[in-house]
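Shown below: my_file_29.csv, with CSV, C-alpha atoms.
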```
chain,number,residue,atom,x,y,z
A,1,MET,CA,-3.2,58.3,-25.1
A,2,THR,CA,-4.8,55.6,-23.0
A,3,LEU,CA,-6.3,56.3,-19.6
A,4,SER,CA,-3.8,54.1,-17.9
A,5,LEU,CA,-0.9,55.9,-19.6
A,6,TRP,CA,-2.3,59.3,-18.7
A,7,ALA,CA,-2.8,58.2,-15.1
A,8,THR,CA,0.9,57.3,-14.9
A,9,LEU,CA,1.8,60.6,-16.4
A,10,LEU,CA,-0.5,62.4,-13.9
A,11,ALA,CA,1.2,60.6,-10.9
A,12,ALA,CA,4.7,61.3,-12.3
A,13,CYS,CA,3.8,65.0,-12.7
A,14,PHE,CA,2.6,65.3,-9.1
A,15,VAL,CA,5.8,63.7,-7.8
A,16,ILE,CA,8.0,66.0,-9.9
A,17,SER,CA,6.1,69.2,-8.9
A,18,PHE,CA,6.2,68.4,-5.2
A,19,THR,CA,10.0,68.0,-5.4
A,20,PRO,CA,11.3,71.4,-4.0
A,21,GLY,CA,13.3,73.4,-6.5
A,22,ALA,CA,13.8,77.0,-7.7
A,23,GLY,CA,10.2,77.3,-8.8
A,24,ALA,CA,8.9,76.3,-5.4
A,25,ILE,CA,11.2,78.7,-3.7
A,26,ASN,CA,10.2,81.5,-6.1
A,27,THR,CA,6.5,80.8,-5.4
A,28,MET,CA,6.9,80.8,-1.7
A,29,GLY,CA,8.9,84.0,-1.8
A,30,ASN,CA,6.2,85.7,-4.0
A,31,SER,CA,3.4,84.5,-1.7
A,32,LEU,CA,5.1,86.0,1.3
A,33,ALA,CA,5.9,89.3,-0.5
A,34,VAL,CA,2.7,90.1,-2.3
A,35,GLY,CA,0.1,87.6,-1.0
A,36,PHE,CA,-1.4,84.3,-2.0
A,37,ARG,CA,-3.6,85.6,-4.8
A,38,ARG,CA,-1.0,87.7,-6.6
A,39,SER,CA,1.6,85.0,-6.4
A,40,ILE,CA,-0.2,83.3,-9.3
A,41,TRP,CA,1.6,85.7,-11.7
A,42,GLY,CA,5.0,84.3,-10.8
A,43,ILE,CA,3.5,80.8,-11.2
A,44,LEU,CA,2.2,81.6,-14.6
A,45,GLY,CA,5.6,82.8,-15.6
A,46,GLN,CA,7.1,79.5,-14.5
A,47,GLN,CA,4.5,77.7,-16.6
A,48,ALA,CA,5.3,79.8,-19.7
A,49,ALA,CA,8.9,78.6,-19.3
A,50,LEU,CA,7.7,74.9,-19.0
A,51,VAL,CA,5.8,75.4,-22.3
A,52,VAL,CA,8.9,76.7,-23.9
A,53,HIS,CA,10.9,73.7,-22.7
A,54,ILE,CA,8.2,71.3,-24.0
A,55,VAL,CA,8.1,73.0,-27.4
A,56,ILE,CA,11.9,72.9,-27.6
A,57,VAL,CA,11.9,69.2,-26.9
A,58,ALA,CA,9.0,68.5,-29.3
A,59,ALA,CA,10.9,70.4,-32.0
A,60,GLY,CA,14.0,68.3,-31.5
A,61,VAL,CA,16.2,71.2,-30.3
A,62,GLY,CA,16.5,69.5,-27.0
A,63,VAL,CA,18.7,66.9,-28.7
A,64,LEU,CA,21.1,69.6,-29.8
A,65,VAL,CA,21.3,71.1,-26.3
A,66,ALA,CA,21.8,67.7,-24.7
A,67,SER,CA,24.5,66.7,-27.1
A,68,SER,CA,26.5,69.9,-27.1
A,69,PRO,CA,28.5,70.2,-23.9
A,70,LEU,CA,29.4,73.8,-24.6
A,71,VAL,CA,25.8,75.0,-25.1
A,72,PHE,CA,24.7,73.0,-22.1
A,73,GLU,CA,27.4,74.5,-19.9
A,74,ILE,CA,26.8,78.1,-21.0
A,75,ILE,CA,23.0,77.8,-20.3
A,76,ARG,CA,23.7,75.9,-17.0
A,77,TYR,CA,26.0,78.5,-15.6
A,78,ALA,CA,23.8,81.3,-16.8
A,79,GLY,CA,20.9,79.8,-14.9
A,80,ALA,CA,23.0,79.2,-11.8
A,81,ALA,CA,24.3,82.8,-11.9
A,82,TYR,CA,20.7,84.1,-12.2
A,83,LEU,CA,19.5,82.2,-9.2
A,84,VAL,CA,22.5,83.3,-7.1
A,85,TYR,CA,21.7,86.9,-8.2
A,86,LEU,CA,18.1,86.6,-7.1
A,87,GLY,CA,19.3,85.2,-3.7
A,88,ILE,CA,21.8,88.0,-3.1
A,89,ARG,CA,19.2,90.6,-4.1
A,90,GLN,CA,16.7,89.1,-1.7
A,91,ILE,CA,19.2,89.0,1.2
A,92,LEU,CA,20.1,92.6,0.6
A,93,ALA,CA,16.5,93.8,0.2
A,94,LYS,CA,15.6,96.5,2.7
A,95,PRO,CA,12.6,95.7,5.0
A,96,SER,CA,9.5,97.7,4.1
A,97,VAL,CA,6.9,97.9,6.9
A,98,ALA,CA,3.9,100.1,6.3
A,99,PRO,CA,1.7,101.4,9.1
A,100,GLU,CA,-1.8,100.1,9.4
A,101,PRO,CA,-4.0,102.2,7.0
A,102,SER,CA,-6.7,104.4,8.7
A,103,VAL,CA,-9.1,103.7,5.9
A,104,ALA,CA,-9.5,100.3,4.3
A,105,PRO,CA,-8.5,100.3,0.6
A,106,GLU,CA,-10.9,99.6,-2.1
A,107,PRO,CA,-10.9,96.1,-3.5
A,108,ALA,CA,-9.5,97.4,-6.8
A,109,GLU,CA,-6.6,99.1,-5.0
A,110,ALA,CA,-5.1,96.1,-3.1
A,111,ASP,CA,-5.5,92.4,-2.7
A,112,ALA,CA,-7.6,91.4,0.2
A,113,ASP,CA,-5.0,88.9,1.4
A,114,ALA,CA,-2.0,91.2,1.0
A,115,SER,CA,-0.3,92.4,4.2
A,116,PRO,CA,0.7,96.0,4.6
A,117,ALA,CA,4.3,95.1,3.9
A,118,ALA,CA,3.3,93.3,0.7
A,119,VAL,CA,1.3,96.4,-0.4
A,120,ALA,CA,4.3,98.6,0.3
A,121,ARG,CA,6.5,96.5,-1.8
A,122,GLY,CA,4.0,96.5,-4.7
A,123,GLU,CA,5.9,94.4,-7.2
A,124,SER,CA,4.0,94.5,-10.5
A,125,ARG,CA,2.4,91.4,-12.0
A,126,TRP,CA,4.6,91.6,-15.1
A,127,SER,CA,7.7,91.7,-12.9
A,128,MET,CA,6.7,88.6,-11.1
A,129,PHE,CA,5.7,86.9,-14.3
A,130,ARG,CA,9.1,87.8,-15.9
A,131,ARG,CA,11.1,86.6,-12.9
A,132,GLY,CA,9.1,83.3,-12.8
A,133,LEU,CA,9.8,82.9,-16.5
A,134,TRP,CA,13.5,83.3,-16.2
A,135,VAL,CA,13.8,81.1,-13.1
A,136,ASN,CA,12.5,78.1,-15.0
A,137,LEU,CA,13.8,79.1,-18.4
A,138,LEU,CA,17.4,79.3,-17.4
A,139,ASN,CA,17.4,75.8,-16.0
A,140,PRO,CA,18.9,73.6,-18.8
A,141,LYS,CA,18.3,70.5,-16.7
A,142,ALA,CA,14.6,71.0,-17.4
A,143,ILE,CA,15.3,70.6,-21.2
A,144,VAL,CA,17.3,67.5,-20.6
A,145,PHE,CA,14.7,66.2,-18.1
A,146,PHE,CA,11.9,66.7,-20.6
A,147,LEU,CA,14.0,65.2,-23.3
A,148,ALA,CA,14.1,62.0,-21.2
A,149,PHE,CA,10.6,62.3,-19.6
A,150,LEU,CA,8.3,63.2,-22.5
A,151,PRO,CA,9.1,60.3,-24.9
A,152,GLN,CA,8.0,57.8,-22.2
A,153,PHE,CA,4.4,59.0,-22.9
A,154,ILE,CA,4.5,59.5,-26.6
A,155,ARG,CA,3.6,56.8,-29.1
A,156,PRO,CA,5.4,57.5,-32.5
A,157,GLY,CA,2.8,55.5,-34.4
A,158,LEU,CA,0.0,58.0,-33.4
A,159,PRO,CA,-0.4,61.7,-34.3
A,160,LEU,CA,2.2,63.5,-32.3
A,161,LEU,CA,0.6,67.0,-31.8
A,162,PRO,CA,-2.4,65.8,-29.8
A,163,GLN,CA,-0.1,63.7,-27.6
A,164,TYR,CA,2.2,66.6,-26.9
A,165,LEU,CA,-0.8,68.8,-26.1
A,166,VAL,CA,-2.1,66.3,-23.6
A,167,VAL,CA,1.3,65.9,-22.0
A,168,GLY,CA,2.0,69.7,-21.9
A,169,ALA,CA,-1.4,70.5,-20.5
A,170,THR,CA,-1.1,67.9,-17.8
A,171,VAL,CA,2.4,69.1,-16.8
A,172,VAL,CA,1.3,72.7,-16.6
A,173,ILE,CA,-2.0,72.2,-14.8
A,174,VAL,CA,-0.5,69.9,-12.2
A,175,ASP,CA,2.4,72.3,-11.6
A,176,VAL,CA,0.0,75.2,-11.1
A,177,VAL,CA,-2.1,73.2,-8.7
A,178,VAL,CA,1.0,72.2,-6.6
A,179,MET,CA,2.7,75.6,-6.7
A,180,TRP,CA,-0.4,77.6,-5.9
A,181,GLY,CA,-2.3,75.1,-3.8
A,182,PHE,CA,0.6,73.8,-1.7
A,183,PHE,CA,3.8,76.0,-1.8
A,184,ALA,CA,2.0,79.4,-1.9
A,185,VAL,CA,-0.3,78.2,0.9
A,186,ALA,CA,2.5,76.8,2.9
A,187,ALA,CA,4.3,80.2,2.8
A,188,GLN,CA,1.4,81.9,4.4
A,189,GLY,CA,2.4,80.2,7.7
A,190,LEU,CA,5.4,82.5,7.7
A,191,ARG,CA,3.4,85.6,6.9
A,192,ARG,CA,3.3,86.9,10.4
A,193,LEU,CA,7.1,87.3,10.2
A,194,THR,CA,6.7,89.9,7.5
A,195,THR,CA,4.9,92.3,9.7
A,196,SER,CA,8.1,93.5,11.3
A,197,ALA,CA,11.4,94.7,9.8
A,198,ARG,CA,13.3,92.0,11.8
A,199,GLY,CA,10.9,89.3,10.5
A,200,GLN,CA,11.3,90.5,6.9
A,201,ARG,CA,15.1,90.4,7.2
A,202,ILE,CA,14.9,86.8,8.5
A,203,VAL,CA,12.5,85.7,5.7
A,204,ASN,CA,14.7,87.5,3.1
A,205,ARG,CA,17.8,85.7,4.4
A,206,ILE,CA,16.1,82.4,4.4
A,207,PHE,CA,14.7,82.5,0.9
A,208,GLY,CA,17.8,84.3,-0.4
A,209,SER,CA,20.0,81.6,1.0
A,210,LEU,CA,17.7,78.9,-0.6
A,211,PHE,CA,18.0,80.6,-4.0
A,212,ILE,CA,21.8,80.8,-3.7
A,213,GLY,CA,21.9,77.1,-2.6
A,214,VAL,CA,19.9,76.0,-5.6
A,215,GLY,CA,22.0,78.1,-7.9
A,216,VAL,CA,25.3,76.6,-6.5
A,217,LEU,CA,23.9,73.1,-6.7
A,218,LEU,CA,22.9,73.7,-10.3
A,219,ALA,CA,26.4,74.8,-11.1
A,220,VAL,CA,28.3,72.0,-9.3
A,221,VAL,CA,26.0,69.0,-9.7
A,222,HIS,CA,26.3,67.2,-13.1
```
The structure given in the file should be rewritten as structure tokens.
Amino acid sequence: MTLSLWATLLAACFVISFTPGAGAINTMGNSLAVGFRRSIWGILGQQAALVVHIVIVAAGVGVLVASSPLVFEIIRYAGAAYLVYLGIRQILAKPSVAPEPSVAPEPAEADADASPAAVARGESRWSMFRRGLWVNLLNPKAIVFFLAFLPQFIRPGLPLLPQYLVVGATVVIVDVVVMWGFFAVAAQGLRRLTTSARGQRIVNRIFGSLFIGVGVLLAVVH
């Protein structure tokens, strides 16, 4: 891949990653709930899903999904339903406000940037990874998008594997930088709301409604 072609790919990846979607909403929600540093686990789950999508497209399975209306509709509605489920679950989540600890926890026991509410919630790394994985994995439009996007940067006359590795690595690294360096950081501006039960309910309703909105859009927009 030439430097000019890679630069074009890099610019396109930044534009795509900065476009708000389910992944950005999930990242901001995690950052508020468990802190900036631990939110990386949800982001890594989202990247694992992107890798799966890229592998599917590279293997040619994306052609089958894109050309089969039934398969596409089943996956599309499953993804939409999952996002709506996440939204409803977040809206109905009970506030969890912990009192200020009398003794500071050891570094190994809690993240330095986690609020008392975040520590009280204590969602596991695997749970955040798994949720991030499904948020991106159950989005069939990602497969169709990569099916249209990736070939623009692939030259059939050259070895394909190195090209897909470069494209895949660029997509993942840029998305991690944007998700963690922008959306997770931006969510910290709302952190003060999570120190009270009322504030937590407001934040849960905001992000729950966003998840539901994205899910509904995914179901109705063709």
Exercise. Between A:Phe182, A:Phe207, A:Phe153, A:Trp41, which has the minimum distance to Ala12 in chain A (counting only C-alpha atoms)?
Worked result: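 Looking at the shortest contact to Ala12 in chain A, the residue is A:Phe153.
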Exercise. So what do you get for CA of Thr8 in chain A versus CA of Gln152 in chain A, distance-wise?
Worked result: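 Atom-to-atom, CA of Thr8 in chain A and CA of Gln152 in chain A are spaced 10.2 Å apart.
Computed from the coordinates, the CA of Phe146 in chain A to CA of Ala22 in chain A distance equals 16.6 Å.
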Exercise. Leaving out Tyr77 in chain A and any residue of its chain fewer than 3 positions from it, which residues lie within 8 Å of it when counting all atoms listed in the file, given as a list in words?
Worked result: Glu73, Ile74, Ala80, Ala81, Leu218 and Ala219 of chain A
Problem set entry | 10 Å contact set for Ser127 in chain A, all atoms listed in the file, chain neighbours under 5 positions out, as a list in words |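 That gives Trp41, Gly42, Gly45, Gly132 and Leu133 of chain A.
Computed from the coordinates, the CA of Ile212 in chain A to CA of Ser196 in chain A distance equals 24.0 Å.
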For this session: Extract, using all atoms listed in the file, all DNA, RNA and protein residues at most 12 Å from Phe149 in chain A, discarding same-chain residues fewer than 6 positions from it, and format them as a PyMOL selection string.
Result: chain A and resi 8-9+12-13+16+53-54+57-58+62+141-143+164+167-168+171
For this session: Could you tell me which of A:Leu50, A:Val84, A:Leu217, A:Leu92 comes closest to Gly23 in chain A if we count all atoms listed in the file?
Result: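 Looking only at the distances to Gly23 in chain A, the closest residue turns out to be A:Leu50.
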For this session: Would you mind telling me which residue in A:Gln200, A:Thr27, A:Gln188, A:Ser124 lies nearest to Gln46 in chain A when using all atoms listed in the file?
Result: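 Looking only at the distances to Gln46 in chain A, the closest residue turns out to be A:Thr27.
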For this session: Using only C-alpha atoms, determine which residues lie at most 7 Å from Asn139 in chain A, disregarding the query and same-chain residues fewer than 3 positions distant; provide the list as a list in words.
Result: Arg76, Gly79, Asn136 and Ala142 of chain A
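Compared by their closest atoms to Ser17 in chain A, and using all atoms listed in the file, the residues A:Val177, A:Ala93, A:Ala78, A:Val185 rank with A:Val177 nearest.
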